[in-house]
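Novice: My structure is in work_11.cif, and what it holds is mmCIF, C-alpha atoms:
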```cif
data_run
loop_
_atom_site.label_atom_id
_atom_site.label_comp_id
_atom_site.auth_asym_id
_atom_site.auth_seq_id
_atom_site.Cartn_x
_atom_site.Cartn_y
_atom_site.Cartn_z
CA MET A 28 82.70 76.35 117.08
CA VAL A 29 82.15 75.12 120.63
CA ILE A 30 82.40 78.01 123.07
CA GLU A 31 84.41 76.93 126.09
CA LYS A 32 85.37 80.38 127.37
CA ALA A 33 84.03 83.90 126.87
CA ASP A 34 85.84 86.89 128.36
CA ILE A 35 84.53 90.46 128.45
CA ALA A 36 87.71 92.30 127.49
CA TYR A 37 86.08 95.75 127.30
CA CYS A 38 82.77 97.38 128.12
CA GLN A 39 81.63 100.98 127.77
CA LYS A 40 78.18 102.51 128.08
CA GLY A 41 76.81 105.89 127.03
CA GLN A 42 73.67 107.94 126.47
CA LEU A 43 72.36 110.67 124.18
CA CYS A 44 69.66 113.28 124.70
CA SER A 45 69.43 116.02 122.07
CA THR A 46 66.98 118.37 120.38
CA SER A 47 69.47 119.53 117.75
CA ILE A 48 70.49 116.31 116.07
CA ASP A 49 67.66 115.65 113.59
CA GLY A 50 69.07 114.55 110.23
CA VAL A 51 72.68 114.60 111.45
CA CYS A 52 74.76 111.90 109.76
CA HIS A 53 77.76 110.27 111.42
CA ILE A 54 80.21 107.92 109.75
CA LYS A 55 82.24 105.86 112.17
CA GLU A 56 84.09 102.61 112.68
CA LEU A 57 84.70 101.31 116.18
CA PRO A 58 87.04 98.65 117.55
CA TYR A 59 84.14 97.21 119.57
CA LEU A 60 80.80 95.55 118.92
CA SER A 61 78.07 98.20 119.32
CA ILE A 62 74.57 97.61 120.70
CA VAL A 63 72.54 100.82 120.35
CA GLN A 64 68.93 101.56 121.35
CA SER A 65 66.90 104.57 120.30
CA THR A 66 64.60 105.16 123.26
CA GLU A 67 63.04 108.27 121.70
CA GLY A 68 63.19 108.98 117.99
CA ASN A 69 65.04 106.50 115.79
CA TYR A 70 68.14 105.76 113.75
CA SER A 71 68.76 104.82 110.18
CA ILE A 72 71.84 102.60 110.00
CA GLN A 73 73.94 101.21 107.17
CA ILE A 74 76.86 98.82 107.70
CA GLU A 75 79.60 99.20 105.07
CA ASN A 76 77.71 99.57 101.76
CA GLY A 77 74.78 97.36 102.71
CA ILE A 78 71.05 97.97 103.09
CA THR A 79 69.87 100.95 105.17
CA TYR A 80 67.71 99.90 108.12
CA PHE A 81 65.52 101.91 110.52
CA THR A 82 65.40 101.02 114.20
CA GLY A 83 62.02 102.55 114.93
CA GLU A 84 61.45 104.08 118.36
CA GLY A 85 62.67 101.72 121.06
CA GLY A 86 64.47 99.58 118.50
CA VAL A 87 68.05 98.34 118.66
CA PHE A 88 70.78 98.04 116.07
CA ILE A 89 73.90 95.89 116.33
CA ALA A 90 77.09 96.92 114.54
CA PRO A 91 80.18 94.70 114.36
CA SER A 92 83.62 96.01 115.21
CA ASN A 93 85.90 97.39 112.50
CA LYS A 94 83.05 97.92 110.02
CA LYS A 95 81.95 101.29 108.69
CA GLN A 96 78.69 102.56 110.19
CA THR A 97 76.67 105.31 108.50
CA ILE A 98 74.14 106.58 111.02
CA ILE A 99 71.42 109.22 110.63
CA HIS A 100 69.52 110.55 113.65
CA HIS A 101 65.76 111.17 113.58
CA VAL A 102 64.06 112.99 116.45
CA ASN A 103 60.61 112.14 117.73
CA LYS A 104 58.33 114.41 115.71
CA LYS A 105 56.10 115.25 118.67
CA SER A 106 58.79 116.04 121.23
CA GLY A 107 61.46 117.24 118.79
CA GLN A 108 63.95 115.21 120.82
CA MET A 109 66.07 112.11 120.42
CA GLN A 110 67.28 109.89 123.23
CA ALA A 111 69.47 106.81 122.93
CA ARG A 112 71.70 104.53 124.94
CA TRP A 113 74.45 102.16 123.92
CA VAL A 114 76.91 99.56 125.07
CA PHE A 115 80.25 98.72 123.43
CA LEU A 116 81.54 95.20 124.02
CA ASP A 117 84.76 93.43 123.17
CA VAL A 118 84.32 89.71 123.81
CA LEU A 119 87.13 87.19 123.39
CA ILE A 120 86.04 83.64 122.63
CA ASN A 121 88.23 80.68 123.64
CA ASN A 122 91.18 83.04 124.18
CA THR A 123 91.63 83.43 120.42
CA CYS A 124 88.84 85.19 118.48
CA LYS A 125 86.68 88.27 118.86
CA LEU A 126 83.00 87.39 119.10
CA ASP A 127 82.00 89.21 115.91
CA THR A 128 84.74 87.59 113.82
CA ILE A 129 83.18 84.15 114.29
CA PHE A 130 79.50 85.12 114.53
CA GLU A 131 77.33 87.57 112.61
CA PHE A 132 74.30 89.33 114.01
CA PRO A 133 71.21 90.90 112.46
CA VAL A 134 71.63 94.66 112.04
CA ILE A 135 68.24 95.20 113.70
CA LEU A 136 67.49 93.18 116.81
CA PRO A 137 64.40 90.97 116.25
CA GLY A 138 61.34 92.29 118.05
CA ASN A 139 60.89 89.22 120.24
CA TYR A 140 64.22 90.00 121.95
CA LEU A 141 63.51 93.69 122.63
CA MET A 142 62.10 93.18 126.12
CA GLU A 143 65.11 91.10 127.17
CA ILE A 144 67.67 93.54 125.75
CA ASP A 145 65.75 96.44 127.29
CA LEU A 146 66.20 94.81 130.70
CA CYS A 147 69.93 94.36 129.96
CA PHE A 148 70.24 98.10 129.25
CA ASP A 149 68.33 98.96 132.44
CA GLU A 150 70.60 96.68 134.45
CA ILE A 151 73.90 97.96 133.09
CA PHE A 152 72.89 101.59 133.64
CA ARG A 153 71.93 100.77 137.24
CA ALA A 154 75.27 99.04 137.84
CA VAL A 155 77.38 100.77 140.48
CA ASN A 156 80.35 98.38 140.59
CA ILE A 157 82.37 96.11 138.33
CA CYS A 158 80.54 92.95 139.42
CA ASP A 159 77.12 94.34 138.49
CA THR A 160 78.53 95.63 135.21
CA MET A 161 80.02 92.25 134.26
CA ILE A 162 76.78 90.45 135.13
CA ALA A 163 74.89 92.79 132.78
CA CYS A 164 77.53 92.33 130.05
CA TYR A 165 77.14 88.57 130.15
CA LYS A 166 73.37 88.98 129.90
CA PHE A 167 73.93 91.03 126.73
CA LEU A 168 76.23 88.26 125.49
CA LYS A 169 73.56 85.65 126.19
CA VAL A 170 71.09 87.50 123.97
CA LEU A 171 73.70 87.98 121.26
CA LEU A 172 74.47 84.27 121.16
CA MET A 173 70.75 83.49 120.87
CA ILE A 174 70.52 85.49 117.62
CA ALA A 175 74.01 84.75 116.27
CA LYS A 176 74.82 82.89 113.07
CA PRO A 177 78.26 81.32 112.55
CA ARG A 178 80.51 83.06 110.04
CA ALA A 179 82.70 81.19 107.59
CA LEU A 180 85.85 80.60 109.60
CA ILE A 181 88.92 82.64 108.74
CA ASP A 182 92.03 80.66 107.94
CA GLU A 183 93.87 80.08 111.24
CA ARG A 184 97.06 81.55 109.80
CA ILE A 185 95.30 84.80 108.89
CA GLN A 186 93.54 84.92 112.28
CA LYS A 187 97.00 84.77 113.84
CA ILE A 188 98.07 87.72 111.65
CA LEU A 189 94.95 89.73 112.57
CA ASN A 190 95.64 89.15 116.27
CA PHE A 191 99.22 90.32 115.72
CA ILE A 192 98.03 93.50 113.95
CA HIS A 193 95.53 94.25 116.72
CA GLN A 194 98.29 93.99 119.32
CA ASN A 195 101.04 95.78 117.35
CA TYR A 196 99.27 98.35 115.14
CA MET A 197 101.16 101.15 116.90
CA ASN A 198 104.46 99.80 115.61
CA LYS A 199 105.92 99.62 112.13
CA ILE A 200 104.52 96.53 110.36
CA SER A 201 105.60 95.37 106.91
CA VAL A 202 103.97 92.82 104.61
CA LYS A 203 107.34 91.08 104.37
CA GLU A 204 107.44 90.67 108.15
CA LEU A 205 103.91 89.24 108.22
CA ALA A 206 104.62 86.85 105.34
CA ASN A 207 107.84 85.67 106.95
CA SER A 208 106.04 84.90 110.20
CA LEU A 209 103.93 82.36 108.26
CA HIS A 210 106.91 81.12 106.21
CA MET A 211 105.18 82.30 103.03
CA SER A 212 106.24 84.34 100.04
CA GLU A 213 104.80 87.86 99.90
CA PRO A 214 102.62 87.15 96.81
CA ASN A 215 101.14 84.00 98.38
CA PHE A 216 100.58 85.74 101.70
CA PHE A 217 98.94 88.71 99.94
CA TRP A 218 96.59 86.35 98.08
CA LEU A 219 95.65 84.41 101.23
CA PHE A 220 95.07 87.59 103.24
CA ARG A 221 92.86 89.18 100.59
CA LYS A 222 90.90 85.95 100.15
CA ASN A 223 90.04 85.89 103.86
CA VAL A 224 89.77 89.60 104.74
CA LYS A 225 88.61 91.06 101.39
CA MET A 226 91.28 93.76 101.42
CA SER A 227 95.06 94.00 101.28
CA PRO A 228 97.21 93.74 104.44
CA ILE A 229 98.20 97.43 104.24
CA GLU A 230 94.58 98.49 103.74
CA TYR A 231 93.59 96.51 106.83
CA ILE A 232 96.43 97.89 108.95
CA ASN A 233 95.65 101.50 108.02
CA ARG A 234 91.93 100.96 108.51
CA TYR A 235 92.50 99.47 111.96
CA ARG A 236 94.85 102.31 112.91
CA LEU A 237 92.22 104.89 111.94
CA THR A 238 89.57 103.01 113.91
CA MET A 239 91.76 103.10 117.01
CA ALA A 240 92.55 106.78 116.39
CA ALA A 241 88.85 107.61 116.16
CA ASN A 242 88.29 105.91 119.49
CA LEU A 243 91.15 107.86 121.09
CA LEU A 244 89.71 111.12 119.78
CA LYS A 245 86.57 110.35 121.79
CA THR A 246 88.15 108.92 124.90
CA SER A 247 91.31 110.97 125.46
CA ASN A 248 92.47 114.58 125.53
CA ASP A 249 95.60 113.84 123.50
CA SER A 250 96.43 116.12 120.58
CA VAL A 251 95.77 114.94 117.04
CA LYS A 252 99.52 114.68 116.50
CA ALA A 253 99.96 112.52 119.62
CA ILE A 254 97.07 110.27 118.61
CA ALA A 255 98.48 109.81 115.11
CA GLU A 256 101.79 108.73 116.62
CA LYS A 257 100.08 106.43 119.12
CA VAL A 258 98.44 104.47 116.29
CA GLY A 259 101.65 104.18 114.29
CA ILE A 260 101.26 107.06 111.80
CA THR A 261 104.12 109.51 112.26
CA ASN A 262 103.10 112.02 109.59
CA GLN A 263 100.24 114.15 110.98
CA PHE A 264 99.32 115.58 107.56
CA TYR A 265 99.07 112.09 106.06
CA PHE A 266 97.06 110.93 109.08
CA SER A 267 94.58 113.81 108.77
CA LYS A 268 94.21 113.22 105.04
CA MET A 269 93.47 109.50 105.53
CA PHE A 270 91.13 110.24 108.44
CA LYS A 271 89.10 112.76 106.45
CA ASN A 272 88.93 110.42 103.48
CA LYS A 273 87.44 107.72 105.70
CA TYR A 274 85.19 109.69 108.06
CA LYS A 275 84.34 112.65 105.79
CA MET A 276 85.50 115.13 108.44
CA SER A 277 88.73 116.19 110.08
CA PRO A 278 89.95 114.56 113.31
CA THR A 279 89.04 117.73 115.25
CA GLN A 280 85.52 117.80 113.79
CA TYR A 281 85.10 114.11 114.61
CA ARG A 282 86.18 114.71 118.21
CA ASN A 283 83.40 117.30 118.59
CA THR A 284 80.57 115.03 117.38
CA VAL A 285 78.48 112.80 119.65
CA TYR A 286 79.22 109.08 119.75
CA PHE A 287 75.78 108.01 118.43
#
```
Starting from the coordinates I provided, produce the structure as structure tokens.

Specialist:
Amino acid sequence: MVIEKADIAYCQKGQLCSTSIDGVCHIKELPYLSIVQSTEGNYSIQIENGITYFTGEGGVFIAPSNKKQTIIHHVNKKSGQMQARWVFLDVLINNTCKLDTIFEFPVILPGNYLMEIDLCFDEIFRAVNICDTMIACYKFLKVLLMIAKPRALIDERIQKILNFIHQNYMNKISVKELANSLHMSEPNFFWLFRKNVKMSPIEYINRYRLTMAANLLKTSNDSVKAIAEKVGITNQFYFSKMFKNKYKMSPTQYRNTVYF
């Protein structure tokens, strides 16, 4: 794909400094691409059910949006402390696709890019206005594109459906409605969706809703009930059950954990 336009739709930065996090495991799934550096201590990181990697001290891991991350924290043995910093990015390519739906990235940033990404982190944490922040974001994007590999393209019809889900997850969505929008029968739509996304439409919708709920638990003071309703799940008990099944903890427990 030829990139003609790249828009930074979202950017968030954060830091961690802790002496009480050694061995703590977090399971999460974020709606944004994550770039995370362990500046003291290190992480072990697994994406979905793949290989477990170790960042090493100073190393960086990259996690795509809407994929399960299993993260374990490891303090520096001498200091007994762990420090980290991260940036979340949502990048829209050519007004149609999220960056990490058309490119894949190594879980661990190659060592020859560490100095460059380290400077990107320094720059974004020095930023005091939106212009400086956007400049730093595009420098992150430049590094990402240098290490990116093209993914097999998703069928354009299914990409259209994914975009619709991302914009309307808070509303009632039926498989029949989605199939009708593509002028397809439900069985044929179900087959095409699963072929491209590797899960059923309902599985994807619920997974995306939980991802957005997890983000709201971290970024808002809304009650669990209000958050459930905001992501389109009206039954709080059902929401909490699904959330715990996915994240291995209740929504309230998740809210009280650190981001990374």

Novice: Quick one: residues within 12 Å of region 268-272 of chain A, only C-alpha atoms, excluding same-chain residues fewer than 6 positions away - as a list in words?

Specialist: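 So the residues in contact are Ile54, Lys55, Glu56, Glu230, Asn233, Arg234, Tyr235, Arg236, Leu237, Thr238, Met239, Ala240, Ala241, Leu244, Val251, Ile254, Ala255, Ile260, Asn262, Pro278, Thr279, Gln280, Tyr281 and Arg282 of chain A.
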
Novice: Check the smallest atom-to-atom distance from each of A:Asn122, A:Ser277, A:Ser247, A:Asn195 to Asp34 (chain A) using all atoms listed in the file, then report the winner.

Specialist: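 With all atoms listed in the file as the atom set, the closest residue is A:Asn122.
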
Novice: If I take CA of Ile135 (chain A) and CA of Phe88 (chain A), how far is one from the other in Å, to one decimal?

Specialist: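 These two atoms are separated by 4.5 Å.
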
Novice: Within 12 Å of Ile229 (chain A), counting all atoms listed in the file, which residues qualify if same-chain residues fewer than 4 places away don't, as an MDAnalysis selection string?

Specialist: chainID A and resid 189 192 196 199:203 205 217 220:221 224:225 233:236

Novice: How far is it from CA of Tyr80 (chain A) to CA of Val51 (chain A), in Å with one decimal?

Specialist: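 Between CA of Tyr80 (chain A) and CA of Val51 (chain A) the gap works out to 15.9 Å.
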
Novice: Residue by residue, what does the PyMOL selection byres ((chain A and resi 66) around 12) grab here? Present the result as a VMD selection string.

Specialist: chain A and resid 42 to 45 63 to 65 67 to 70 82 to 88 101 to 103 108 to 113 141 145 148 to 149

Novice: Written as a list in words, what is the full residue list that the PyMOL selection byres ((chain A and resi 36-39) around 9) yields on the file shown?

Specialist: Asp34, Ile35, Lys40, Gly41, Tyr59, Trp113, Val114, Phe115, Leu116, Asp117, Val118, Leu119, Thr160, Met161 and Cys164 of chain A

Novice: So what do you get for CA of Asn223 (chain A) versus CA of Val258 (chain A), distance-wise?

Specialist: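 Taking CA of Asn223 (chain A) as the start and CA of Val258 (chain A) as the end point, the length is 23.9 Å.
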
Novice: Might you spell out which residues the PyMOL selection byres ((chain A and resi 167) around 10) would select in the displayed file, as number ranges by chain?

Specialist: A: 62, 114, 116, 143-148, 151, 161-166, 168-172

Novice: Restricting the calculation to all atoms listed in the file, which member of A:Tyr265, A:Phe130, A:Trp218, A:Phe287 is positioned closest to Lys245 (chain A)?

Specialist: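 Distance minimum relative to Lys245 (chain A) lands on A:Phe287.
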
Novice: Anything within 12 Å of (87.7, 86.7, 117.3): list those residues as a VMD selection string, counting all atoms listed in the file and sticking to the file's coordinates.

Specialist: chain A and resid 28 30 33 to 34 36 58 to 60 91 to 93 117 to 131 177 to 178 180 to 183 185 to 190 193

Novice: Mind checking which residues fall within 12 Å of Thr79 (chain A), counting only C-alpha atoms, ignoring those fewer than 5 positions away in the same chain, and posting them as JSON, numbers by chain?

Specialist: {"A": [70, 71, 72, 73, 74, 88, 96, 97, 98, 99, 134, 135]}

Novice: Smallest atom-to-atom distance to Tyr231 (chain A): which of A:Lys275, A:His53, A:Met173, A:Lys94, using only C-alpha atoms?

Specialist: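 With only C-alpha atoms as the atom set, the closest residue is A:Lys94.
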
Novice: Draw an axis-aligned box tight on the listed atoms of region 185-202 of chain A, then pad every side by 5 Å and write out centre and edge lengths in Å to one decimal as AutoDock Vina command-line options.

Specialist:
```
--center_x 99.7 --center_y 93.0 --center_z 112.0 --size_x 22.4 --size_y 26.4 --size_z 24.7
```

Novice: For region 249-281 of chain A, where the input has fewer atoms than it should, I would like N, CA and C atoms rebuilt and written as a PDB file, in the frame of the given file.

Specialist:
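Contents of the output file part.pdb:
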```pdb
ATOM      1  N   ASP A 249      94.350 113.732 124.245  1.00  0.00           N
ATOM      2  CA  ASP A 249      95.600 113.840 123.500  1.00  0.00           C
ATOM      3  C   ASP A 249      95.418 114.679 122.236  1.00  0.00           C
ATOM      4  N   SER A 250      96.474 115.348 121.825  1.00  0.00           N
ATOM      5  CA  SER A 250      96.430 116.120 120.580  1.00  0.00           C
ATOM      6  C   SER A 250      96.309 115.184 119.389  1.00  0.00           C
ATOM      7  N   VAL A 251      95.881 115.734 118.263  1.00  0.00           N
ATOM      8  CA  VAL A 251      95.770 114.940 117.040  1.00  0.00           C
ATOM      9  C   VAL A 251      97.129 114.352 116.669  1.00  0.00           C
ATOM     10  N   LYS A 252      98.173 115.155 116.816  1.00  0.00           N
ATOM     11  CA  LYS A 252      99.520 114.680 116.500  1.00  0.00           C
ATOM     12  C   LYS A 252      99.913 113.497 117.395  1.00  0.00           C
ATOM     13  N   ALA A 253      99.615 113.595 118.679  1.00  0.00           N
ATOM     14  CA  ALA A 253      99.960 112.520 119.620  1.00  0.00           C
ATOM     15  C   ALA A 253      99.168 111.255 119.303  1.00  0.00           C
ATOM     16  N   ILE A 254      97.902 111.429 118.935  1.00  0.00           N
ATOM     17  CA  ILE A 254      97.070 110.270 118.610  1.00  0.00           C
ATOM     18  C   ILE A 254      97.574 109.592 117.343  1.00  0.00           C
ATOM     19  N   ALA A 255      97.933 110.386 116.348  1.00  0.00           N
ATOM     20  CA  ALA A 255      98.480 109.810 115.110  1.00  0.00           C
ATOM     21  C   ALA A 255      99.700 108.953 115.425  1.00  0.00           C
ATOM     22  N   GLU A 256     100.577 109.475 116.259  1.00  0.00           N
ATOM     23  CA  GLU A 256     101.790 108.730 116.620  1.00  0.00           C
ATOM     24  C   GLU A 256     101.458 107.482 117.430  1.00  0.00           C
ATOM     25  N   LYS A 257     100.456 107.576 118.297  1.00  0.00           N
ATOM     26  CA  LYS A 257     100.080 106.430 119.120  1.00  0.00           C
ATOM     27  C   LYS A 257      99.560 105.258 118.285  1.00  0.00           C
ATOM     28  N   VAL A 258      98.967 105.555 117.126  1.00  0.00           N
ATOM     29  CA  VAL A 258      98.440 104.470 116.290  1.00  0.00           C
ATOM     30  C   VAL A 258      99.404 104.090 115.171  1.00  0.00           C
ATOM     31  N   GLY A 259     100.627 104.622 115.224  1.00  0.00           N
ATOM     32  CA  GLY A 259     101.650 104.180 114.290  1.00  0.00           C
ATOM     33  C   GLY A 259     101.768 104.987 113.014  1.00  0.00           C
ATOM     34  N   ILE A 260     101.168 106.201 112.980  1.00  0.00           N
ATOM     35  CA  ILE A 260     101.260 107.060 111.800  1.00  0.00           C
ATOM     36  C   ILE A 260     102.028 108.318 112.214  1.00  0.00           C
ATOM     37  N   THR A 261     103.249 108.439 111.766  1.00  0.00           N
ATOM     38  CA  THR A 261     104.120 109.510 112.260  1.00  0.00           C
ATOM     39  C   THR A 261     103.918 110.834 111.541  1.00  0.00           C
ATOM     40  N   ASN A 262     103.316 110.801 110.364  1.00  0.00           N
ATOM     41  CA  ASN A 262     103.100 112.020 109.590  1.00  0.00           C
ATOM     42  C   ASN A 262     101.680 112.534 109.858  1.00  0.00           C
ATOM     43  N   GLN A 263     101.568 113.650 110.598  1.00  0.00           N
ATOM     44  CA  GLN A 263     100.240 114.150 110.980  1.00  0.00           C
ATOM     45  C   GLN A 263      99.422 114.561 109.765  1.00  0.00           C
ATOM     46  N   PHE A 264     100.048 115.164 108.753  1.00  0.00           N
ATOM     47  CA  PHE A 264      99.320 115.580 107.560  1.00  0.00           C
ATOM     48  C   PHE A 264      98.730 114.362 106.849  1.00  0.00           C
ATOM     49  N   TYR A 265      99.533 113.322 106.700  1.00  0.00           N
ATOM     50  CA  TYR A 265      99.070 112.090 106.060  1.00  0.00           C
ATOM     51  C   TYR A 265      97.948 111.457 106.871  1.00  0.00           C
ATOM     52  N   PHE A 266      98.100 111.469 108.201  1.00  0.00           N
ATOM     53  CA  PHE A 266      97.060 110.930 109.080  1.00  0.00           C
ATOM     54  C   PHE A 266      95.746 111.672 108.884  1.00  0.00           C
ATOM     55  N   SER A 267      95.797 113.008 108.904  1.00  0.00           N
ATOM     56  CA  SER A 267      94.580 113.810 108.770  1.00  0.00           C
ATOM     57  C   SER A 267      93.921 113.598 107.418  1.00  0.00           C
ATOM     58  N   LYS A 268      94.741 113.448 106.385  1.00  0.00           N
ATOM     59  CA  LYS A 268      94.210 113.220 105.040  1.00  0.00           C
ATOM     60  C   LYS A 268      93.484 111.873 104.974  1.00  0.00           C
ATOM     61  N   MET A 269      94.107 110.821 105.523  1.00  0.00           N
ATOM     62  CA  MET A 269      93.470 109.500 105.530  1.00  0.00           C
ATOM     63  C   MET A 269      92.211 109.509 106.385  1.00  0.00           C
ATOM     64  N   PHE A 270      92.274 110.196 107.531  1.00  0.00           N
ATOM     65  CA  PHE A 270      91.130 110.240 108.440  1.00  0.00           C
ATOM     66  C   PHE A 270      89.934 110.912 107.757  1.00  0.00           C
ATOM     67  N   LYS A 271      90.188 112.033 107.117  1.00  0.00           N
ATOM     68  CA  LYS A 271      89.100 112.760 106.450  1.00  0.00           C
ATOM     69  C   LYS A 271      88.532 111.965 105.289  1.00  0.00           C
ATOM     70  N   ASN A 272      89.384 111.245 104.592  1.00  0.00           N
ATOM     71  CA  ASN A 272      88.930 110.420 103.480  1.00  0.00           C
ATOM     72  C   ASN A 272      87.989 109.325 103.972  1.00  0.00           C
ATOM     73  N   LYS A 273      88.262 108.808 105.168  1.00  0.00           N
ATOM     74  CA  LYS A 273      87.440 107.720 105.700  1.00  0.00           C
ATOM     75  C   LYS A 273      86.177 108.214 106.384  1.00  0.00           C
ATOM     76  N   TYR A 274      86.305 109.254 107.228  1.00  0.00           N
ATOM     77  CA  TYR A 274      85.190 109.690 108.060  1.00  0.00           C
ATOM     78  C   TYR A 274      84.479 110.941 107.544  1.00  0.00           C
ATOM     79  N   LYS A 275      84.968 111.487 106.428  1.00  0.00           N
ATOM     80  CA  LYS A 275      84.340 112.650 105.790  1.00  0.00           C
ATOM     81  C   LYS A 275      84.362 113.896 106.669  1.00  0.00           C
ATOM     82  N   MET A 276      85.291 113.945 107.609  1.00  0.00           N
ATOM     83  CA  MET A 276      85.500 115.130 108.440  1.00  0.00           C
ATOM     84  C   MET A 276      86.888 115.043 109.030  1.00  0.00           C
ATOM     85  N   SER A 277      87.386 116.174 109.502  1.00  0.00           N
ATOM     86  CA  SER A 277      88.730 116.190 110.080  1.00  0.00           C
ATOM     87  C   SER A 277      88.724 115.512 111.447  1.00  0.00           C
ATOM     88  N   PRO A 278      89.897 115.138 111.961  1.00  0.00           N
ATOM     89  CA  PRO A 278      89.950 114.560 113.310  1.00  0.00           C
ATOM     90  C   PRO A 278      89.337 115.481 114.376  1.00  0.00           C
ATOM     91  N   THR A 279      89.590 116.789 114.265  1.00  0.00           N
ATOM     92  CA  THR A 279      89.040 117.730 115.250  1.00  0.00           C
ATOM     93  C   THR A 279      87.518 117.782 115.162  1.00  0.00           C
ATOM     94  N   GLN A 280      86.974 117.802 113.951  1.00  0.00           N
ATOM     95  CA  GLN A 280      85.520 117.800 113.790  1.00  0.00           C
ATOM     96  C   GLN A 280      84.917 116.515 114.358  1.00  0.00           C
ATOM     97  N   TYR A 281      85.592 115.401 114.104  1.00  0.00           N
ATOM     98  CA  TYR A 281      85.100 114.110 114.610  1.00  0.00           C
ATOM     99  C   TYR A 281      85.070 114.107 116.132  1.00  0.00           C
TER     100      TYR A 281
END
```
